[in-house]
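Novice: The file below is query_6.txt, compact mmCIF, C-alpha atoms:
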```txt
# COMPACT_ATOMS: atom_id res chain seq x y z
CA MET A 262 -22.90 26.35 -52.04
CA GLU A 263 -19.16 26.71 -51.48
CA ILE A 264 -17.77 29.23 -48.99
CA TYR A 265 -14.34 30.79 -49.26
CA TYR A 266 -12.34 32.67 -46.65
CA LEU A 267 -11.31 36.03 -48.13
CA SER A 268 -8.51 38.25 -46.88
CA LEU A 269 -7.56 41.59 -48.37
CA GLY A 270 -4.53 41.78 -46.08
CA ASP A 271 -5.75 44.80 -44.16
CA HIS A 272 -3.28 46.00 -41.50
CA LEU A 273 -5.27 48.23 -39.16
CA PRO A 274 -5.48 48.79 -35.40
CA ASP A 275 -7.70 46.40 -33.45
CA PRO A 276 -11.12 48.13 -33.31
CA VAL A 277 -11.49 47.27 -29.60
CA THR A 278 -8.00 47.62 -28.14
CA GLY A 279 -6.46 50.03 -30.63
CA VAL A 280 -3.34 47.83 -30.81
CA LEU A 281 -1.58 47.62 -34.18
CA VAL A 282 0.40 44.38 -34.51
CA GLY A 283 3.52 44.16 -36.65
CA GLN A 284 3.21 43.54 -40.36
CA GLY A 285 4.87 40.13 -40.14
CA GLU A 286 2.52 39.08 -37.37
CA ARG A 287 -0.45 40.20 -39.43
CA VAL A 288 0.68 38.24 -42.49
CA ARG A 289 1.30 35.11 -40.41
CA ALA A 290 -2.13 35.51 -38.83
CA ILE A 291 -3.69 35.25 -42.30
CA VAL A 292 -1.95 31.91 -42.78
CA GLU A 293 -3.24 30.67 -39.41
CA ALA A 294 -6.76 31.85 -40.24
CA CYS A 295 -6.68 29.85 -43.46
CA VAL A 296 -5.52 26.72 -41.65
CA TYR A 297 -8.42 27.19 -39.25
CA ALA A 298 -10.82 27.80 -42.15
CA GLU A 299 -9.88 24.44 -43.62
CA SER A 300 -10.63 22.73 -40.30
CA LEU A 301 -14.08 24.37 -40.36
CA GLY A 302 -14.87 23.01 -43.82
CA PHE A 303 -14.31 26.10 -45.98
CA ALA A 304 -13.89 25.24 -49.67
CA GLY A 305 -11.11 27.68 -50.41
CA VAL A 306 -9.30 30.90 -49.63
CA GLY A 307 -8.88 34.10 -51.63
CA VAL A 308 -6.07 36.59 -51.00
CA GLY A 309 -6.06 40.06 -52.49
CA GLU A 310 -3.20 42.01 -54.10
CA HIS A 311 -2.69 45.64 -53.12
CA HIS A 312 0.15 48.14 -53.23
CA PHE A 313 1.28 51.23 -51.33
CA HIS A 314 -1.27 51.39 -48.50
CA ASP A 315 -2.62 49.55 -45.45
CA TYR A 316 -3.63 46.43 -47.37
CA ILE A 317 -0.17 44.88 -47.13
CA VAL A 318 -0.23 41.67 -49.20
CA SER A 319 1.48 42.77 -52.40
CA ALA A 320 2.42 39.23 -53.54
CA PRO A 321 -0.56 36.93 -52.85
CA GLU A 322 0.98 33.98 -54.70
CA LEU A 323 3.78 33.82 -52.10
CA LEU A 324 1.30 33.88 -49.25
CA LEU A 325 -0.83 31.21 -50.93
CA ALA A 326 2.26 28.99 -51.23
CA ALA A 327 2.75 29.28 -47.46
CA ILE A 328 -0.92 28.38 -46.96
CA ALA A 329 -0.53 25.43 -49.32
CA ALA A 330 2.22 24.04 -47.11
CA ARG A 331 -0.09 24.09 -44.08
CA THR A 332 -3.27 22.75 -45.72
CA SER A 333 -4.33 19.80 -47.86
CA ARG A 334 -7.80 20.56 -49.22
CA LEU A 335 -8.41 24.31 -49.52
CA ARG A 336 -8.47 25.72 -53.02
CA LEU A 337 -6.02 28.59 -53.22
CA SER A 338 -7.02 31.70 -55.16
CA THR A 339 -5.80 35.20 -55.68
CA ALA A 340 -8.56 37.75 -55.19
CA VAL A 341 -7.39 39.46 -57.28
CA THR A 342 -4.18 39.47 -59.33
CA LEU A 343 -3.68 42.89 -60.95
CA LEU A 344 -2.93 41.40 -64.36
CA ALA A 345 -2.82 44.70 -66.24
CA HIS A 346 0.36 45.59 -64.31
CA ALA A 347 2.07 42.19 -64.53
CA ASP A 348 3.87 40.17 -67.18
CA PRO A 349 1.40 37.40 -68.13
CA VAL A 350 4.31 35.00 -68.66
CA ARG A 351 5.41 35.46 -65.04
CA VAL A 352 1.82 35.24 -63.79
CA ALA A 353 1.35 31.97 -65.67
CA GLU A 354 4.58 30.56 -64.23
CA GLN A 355 3.66 31.59 -60.68
CA PHE A 356 0.24 29.99 -61.10
CA THR A 357 1.63 26.68 -62.32
CA VAL A 358 4.30 26.52 -59.59
CA LEU A 359 1.60 27.13 -56.96
CA ASP A 360 -0.51 24.49 -58.68
CA ALA A 361 2.35 21.98 -58.49
CA VAL A 362 3.14 22.76 -54.84
CA SER A 363 -0.53 22.43 -53.83
CA ALA A 364 -1.28 19.31 -55.92
CA GLY A 365 -3.71 21.07 -58.25
CA ARG A 366 -5.46 23.45 -55.84
CA ALA A 367 -4.43 26.75 -57.44
CA GLN A 368 -6.97 29.22 -58.78
CA LEU A 369 -6.44 32.67 -60.25
CA CYS A 370 -8.76 35.65 -60.34
CA VAL A 371 -7.52 38.59 -62.40
CA ALA A 372 -8.73 42.17 -62.64
CA ARG A 373 -7.57 45.66 -63.55
CA GLY A 374 -7.79 47.16 -60.05
CA VAL A 375 -9.26 50.53 -59.14
CA SER A 376 -6.34 52.58 -57.77
CA SER A 377 -5.07 55.26 -60.15
CA ARG A 378 -2.01 55.58 -57.91
CA THR A 379 -1.18 51.93 -58.51
CA TRP A 380 -1.80 52.30 -62.24
CA ALA A 381 0.65 55.21 -62.41
CA ALA A 382 3.31 53.47 -60.32
CA PHE A 383 3.33 50.49 -62.67
CA GLY A 384 3.52 52.64 -65.78
CA SER A 385 -0.07 52.69 -67.01
CA GLU A 386 -1.46 55.82 -68.63
CA GLY A 387 -4.99 55.84 -67.27
CA GLU A 388 -8.13 53.75 -67.23
CA GLN A 389 -8.34 52.98 -70.94
CA ASP A 390 -4.71 51.85 -71.02
CA VAL A 391 -5.31 49.60 -68.00
CA ARG A 392 -8.39 48.05 -69.62
CA ASP A 393 -6.51 47.42 -72.86
CA ARG A 394 -3.60 45.84 -71.00
CA LEU A 395 -5.92 43.58 -69.02
CA ASP A 396 -7.62 42.39 -72.21
CA GLU A 397 -4.32 41.65 -73.97
CA HIS A 398 -2.64 40.07 -70.93
CA LEU A 399 -5.61 37.85 -70.11
CA ARG A 400 -5.86 36.47 -73.64
CA LEU A 401 -2.12 35.72 -73.63
CA LEU A 402 -2.31 34.15 -70.15
CA LEU A 403 -5.00 31.73 -71.29
CA ARG A 404 -2.93 30.73 -74.29
CA LEU A 405 0.18 30.18 -72.17
CA LEU A 406 -1.73 27.88 -69.83
CA GLY A 407 -3.53 25.91 -72.51
CA GLU A 408 -1.62 25.97 -75.81
CA PRO A 409 2.03 24.94 -75.69
CA PRO A 410 4.01 26.27 -77.45
CA VAL A 411 2.89 29.90 -77.87
CA THR A 412 4.02 32.34 -80.52
CA TRP A 413 2.67 35.83 -79.89
CA SER A 414 3.24 39.54 -80.47
CA GLY A 415 1.47 42.53 -78.97
CA GLY A 416 1.93 46.00 -77.61
CA SER A 417 2.62 45.47 -73.91
CA ARG A 418 5.63 43.11 -73.80
CA PRO A 419 8.28 41.63 -76.13
CA PRO A 420 7.08 38.97 -78.59
CA LEU A 421 7.17 35.25 -77.83
CA ASP A 422 8.55 32.63 -80.20
CA ALA A 423 7.37 29.06 -79.52
CA VAL A 424 7.40 29.52 -75.72
CA THR A 425 6.15 26.79 -73.38
CA ILE A 426 5.92 27.71 -69.72
CA GLN A 427 7.02 25.18 -67.10
CA PRO A 428 5.75 23.48 -65.06
CA ARG A 429 2.56 22.73 -66.95
CA PRO A 430 -0.82 23.11 -65.17
CA SER A 431 -2.04 19.97 -63.45
CA ALA A 432 -5.47 20.07 -65.11
CA GLU A 433 -6.20 19.59 -68.80
CA GLN A 434 -8.40 22.72 -68.81
CA PRO A 435 -6.63 25.26 -66.55
CA GLU A 436 -8.87 28.05 -67.87
CA SER A 437 -11.68 26.54 -65.76
CA ARG A 438 -9.78 27.85 -62.72
CA ILE A 439 -9.27 31.37 -64.07
CA TRP A 440 -11.82 33.99 -62.98
CA LEU A 441 -12.26 37.60 -64.02
CA GLY A 442 -13.10 40.24 -61.43
CA ALA A 443 -15.59 42.76 -62.76
CA GLY A 444 -16.51 45.21 -60.03
CA PHE A 445 -19.15 47.44 -61.62
CA SER A 446 -17.65 47.24 -65.11
CA PRO A 447 -19.88 46.16 -68.01
CA ARG A 448 -16.77 45.86 -70.18
CA SER A 449 -15.23 43.33 -67.78
CA ALA A 450 -18.47 41.35 -67.79
CA ASP A 451 -18.41 41.35 -71.60
CA LEU A 452 -14.77 40.16 -71.62
CA ALA A 453 -15.50 37.34 -69.15
CA ALA A 454 -18.43 36.17 -71.23
CA ALA A 455 -16.48 36.40 -74.50
CA LEU A 456 -13.74 34.18 -73.04
CA GLY A 457 -16.15 31.86 -71.23
CA LEU A 458 -14.68 32.69 -67.81
CA PRO A 459 -16.42 32.76 -64.43
CA LEU A 460 -17.10 36.21 -63.00
CA LEU A 461 -16.05 37.39 -59.54
CA LEU A 462 -17.95 40.30 -57.97
CA PRO A 463 -16.74 42.23 -54.88
CA SER A 464 -19.82 41.65 -52.75
CA THR A 465 -17.80 42.16 -49.55
CA LEU A 466 -17.68 45.90 -50.25
CA HIS A 467 -21.23 46.56 -51.43
CA HIS A 468 -24.69 45.07 -51.10
CA PRO A 469 -25.03 42.22 -53.64
CA GLU A 470 -28.03 43.90 -55.29
CA VAL A 471 -25.84 46.66 -56.73
CA HIS A 472 -24.19 44.06 -58.98
CA LEU A 473 -27.42 42.86 -60.58
CA PRO A 474 -27.03 44.95 -63.78
CA VAL A 475 -23.53 43.54 -64.38
CA VAL A 476 -24.74 40.00 -63.69
CA ALA A 477 -27.66 40.43 -66.10
CA ARG A 478 -25.32 41.73 -68.81
CA TYR A 479 -22.90 38.84 -68.22
CA ARG A 480 -25.64 36.23 -68.46
CA GLU A 481 -27.03 37.81 -71.62
CA ALA A 482 -23.58 37.88 -73.22
CA LEU A 483 -22.98 34.25 -72.29
CA ALA A 484 -26.30 33.26 -73.82
CA GLN A 485 -25.42 35.09 -77.03
CA ARG A 486 -22.05 33.36 -77.06
CA GLY A 487 -23.84 30.01 -76.88
CA ALA A 488 -22.14 28.91 -73.70
CA GLY A 489 -23.17 25.52 -72.41
CA GLN A 490 -23.42 26.75 -68.84
CA LEU A 491 -23.32 30.00 -66.91
CA GLY A 492 -20.26 30.99 -64.94
CA ARG A 493 -20.56 30.57 -61.22
```
What does this structure look like when you write it as structure tokens?
Specialist:
Amino acid sequence: MEIYYLSLGDHLPDPVTGVLVGQGERVRAIVEACVYAESLGFAGVGVGEHHFHDYIVSAPELLLAAIAARTSRLRLSTAVTLLAHADPVRVAEQFTVLDAVSAGRAQLCVARGVSSRTWAAFGSEGEQDVRDRLDEHLRLLLRLLGEPPVTWSGGSRPPLDAVTIQPRPSAEQPESRIWLGAGFSPRSADLAAALGLPLLLPSTLHHPEVHLPVVARYREALAQRGAGQLGR
């Protein structure tokens, strides 16, 4: 079993003293906690992306780059990247730069997010639009990481004509380090299985048993797909 240190970037008063440290101090404390986690033998770290409230890490890739500079072994993952609201070309480039800086330790977990306020601020038109964007962006992201060059057209960004992102991923199969966050969504579980991606479930927020129906659906879909092995 591998154990990751997860931070959602919460910026709240200390529950004992009531003291609220500055935002910069809080962000730097996450970096220090990850350095300490590596010394304790943790396998990796996951950093969440949030916008417009008291979870203050809005650009986890930047924070992971700072952690990469202070560590040598930890795998470095977003948890999650809100891919429906981002240009998949830019996400792919940020991933490969982090991968180069960290000597192949980058991981990426993508999801649609759950905040309707965030959806609206980034120009989405509701849950169905967010789901459709995630599906399209994720399929393009996987192509950008694994199939140079890429020619593509779709509804959410301008078309691509023989584009090859740089730098290239350090691994021959970068999709093995891309996860899909599902929450309670059967559709996300179906998408992860269809693409052969590992599934990330938010067990820090709920008892693990509440995710059993999604896990069962994911495993069934993988079996129907004929996958050689189940996602972790």
Novice: Restricting the calculation to only C-alpha atoms, which member of A:Ala361, A:Leu401, A:Leu323, A:Val308 is positioned closest to A:Asp348?
Specialist: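 Of A:Ala361, A:Leu401, A:Leu323, A:Val308, the one nearest A:Asp348, counting only C-alpha atoms, is A:Leu401.
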Novice: Around (-2.1, 25.8, -59.8), as given in the file, which residues come within 10 Å? Count only C-alpha atoms and list them as number ranges by chain.
Specialist: A: 336-338, 353-369, 428-432, 435, 438
Novice: Considering only C-alpha atoms, can you say which of A:Cys370, A:Ile264, A:Ala298, A:Leu343 comes closest to A:Ser319?
Specialist: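 For A:Ser319, the nearest of the candidates is A:Leu343.
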Novice: Taking every listed atom of stretch 401-416 of chain A and adding 4 Å to each side, what centre and edge lengths in Å (one decimal) does the axis-aligned box have, as JSON?
Specialist:
```
{"center_x": -0.5, "center_y": 35.5, "center_z": -75.2, "size_x": 17.0, "size_y": 29.1, "size_z": 18.7}
```
Novice: What's around A:Ser449 at 9 Å? Count all atoms listed in the file, leave out sequence neighbours fewer than 4 positions away in its own chain, and write the answer as a PyMOL selection string.
Specialist: chain A and resi 372+392+396+441-445+453-454+460+475+479
Novice: Give me, please, the distance in Å between atom CA of A:Arg480 and atom CA of A:Ile439, quoted to one decimal.
Specialist: 17.6 Å
Novice: Point out the residue among A:Val471, A:Leu483, A:Val280, A:Ile328 with the least atom-to-atom distance to A:Gly307, counting all atoms listed in the file.
Specialist: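 The shortest atom-to-atom distance to A:Gly307 comes from A:Ile328.
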